[in-house]
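The block underneath contains the structure these notes are about, expressed in structure tokens.
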Amino acid sequence: MIVKKSPFIPTIFDQILKDLAIQTSEAVTVNTPAANIFETDTDYTIYLAVPGLEKKDFEIGVEDDVLTVSADRKTDTEETKGKFNLKEYNYTSFERTFNLPKDLVEKDKITAAYNAGELSITVPKKEVVVYKPKQIEVK
């Protein structure tokens, strides 16, 4: 027998999952950067908002028709003042994938630039030859 769960009646599992989420959310933060994608006649440009990173933190690759953008950054700071010690660490990591239009882009000509917290990736389009219909005269 299948019983449909009512969204208005909490179960014990809901509370356990909520408690687990509260405990783990403090230790692990998953950041997915916001993305804007613009299309022109000649290319697609993907903009990712990723402040606080450096060029060396990024890894960008293309496999088949999937563009993958990822970054890893670890920082440690330690401060000692008298009897007070403070050590903080931060780990930032993300991965995003984008499906590219099949056989419509120049995968070998993709470029990327990072400036002022914004990563821009330019994906050039292949030149598409459009044949115009032609009437053939019968002689």
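Residues are referred to by chain and number: the chain letter is A, B, ... according to the order shown in the structure tokens, the number counts from 1 in that chain, and ligands are numbered separately from 1 in the order shown.
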Sort by chain and increasing residue number a table of all residues of range 81-114 of chain A within 10 Å of range 58-61 of chain A, each with its closest pair of atoms and their distance in Å to one decimal, counting only C-alpha atoms, and write it as a Markdown table.
| residue | atom | partner | partner_atom | distance |
| --- | --- | --- | --- | --- |
| A:Ser93 | CA | A:Phe58 | CA | 9.8 |
| A:Phe94 | CA | A:Phe58 | CA | 9.6 |
| A:Glu95 | CA | A:Glu59 | CA | 9.2 |
| A:Arg96 | CA | A:Ile60 | CA | 9.7 |
| A:Thr97 | CA | A:Gly61 | CA | 9.6 |
| A:Lys107 | CA | A:Gly61 | CA | 9.7 |
| A:Ile110 | CA | A:Gly61 | CA | 9.4 |
| A:Thr111 | CA | A:Ile60 | CA | 9.6 |
| A:Ala112 | CA | A:Ile60 | CA | 8.4 |
| A:Tyr114 | CA | A:Phe58 | CA | 9.4 |
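Across the model, the gap from CA of Thr42 in chain A to CA of Ser70 in chain A is 25.3 Å.
Neighbours of Lys109 in chain A closer than or equal to 9 Å, with only C-alpha atoms counted and sequence neighbours fewer than 6 positions away skipped, come out as A:Thr122, A:Val123, A:Pro124.
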Same residues, C-alpha atoms, saved as a PDB file, in the first residue's frame:
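Writing done, so here's again-v7.pdb:
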ATOM      1  CA  THR A 122      33.785  33.315 -24.878  1.00  0.00           C
ATOM      2  CA  VAL A 123      32.607  30.427 -27.052  1.00  0.00           C
ATOM      3  CA  PRO A 124      32.861  31.309 -30.767  1.00  0.00           C
TER       4      PRO A 124
END
Neighbouring residues of Ala49 in chain A were defined as those with any atom within 10 Å, considering only C-alpha atoms; residues of the same chain fewer than 4 positions away were excluded. Please report them as a list in words. Thr32, Pro33, Ala34, Ala35, Asn36, Tyr114, Ala116, Gly117, Glu118, Leu119 and Ser120 of chain A
Give me the residues within 9 Å of Asp76 in chain A as a list in words, counting only C-alpha atoms and dropping any in the same chain fewer than 2 places off.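 Here the answer would be Lys74, Glu78, Lys87, Glu88, Tyr89, Asn90 and Tyr91 of chain A.
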Only C-alpha atoms, please: the residues just picked out, written as an mmCIF file, in the first residue's frame.
data_model
loop_
_atom_site.group_PDB
_atom_site.id
_atom_site.type_symbol
_atom_site.label_atom_id
_atom_site.label_comp_id
_atom_site.auth_asym_id
_atom_site.auth_seq_id
_atom_site.Cartn_x
_atom_site.Cartn_y
_atom_site.Cartn_z
ATOM 1 C CA LYS A 74 42.206 27.138 0.219
ATOM 2 C CA GLU A 78 47.136 32.681 11.648
ATOM 3 C CA LYS A 87 43.712 30.527 13.122
ATOM 4 C CA GLU A 88 41.111 30.716 10.404
ATOM 5 C CA TYR A 89 40.819 28.733 7.237
ATOM 6 C CA ASN A 90 38.555 28.924 4.255
ATOM 7 C CA TYR A 91 37.896 26.475 1.460
#
Which of range 9-129 of chain A fall in strand (DSSP E), as a ChimeraX atom specification: /A:35-39,43-49,58-63,66-81,84-99,111-115,118-124
I need the residue nearest Glu106 in chain A from this list: A:Arg73, A:Phe38, A:Gln135, A:Asp65. Use only C-alpha atoms for the distance. A:Asp65
Restricting the calculation to only C-alpha atoms: of A:Pro101, A:Lys125, A:Ile37, A:Ala71, which residue gets closest to Pro51 in chain A? A:Ala71
From the set A:Asp108, A:Asn85, A:Glu54, A:Leu100, which residue has the shortest atom-to-atom contact distance to Asp72 in chain A, counting only C-alpha atoms?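 Closest residue, counting only C-alpha atoms: A:Glu54.
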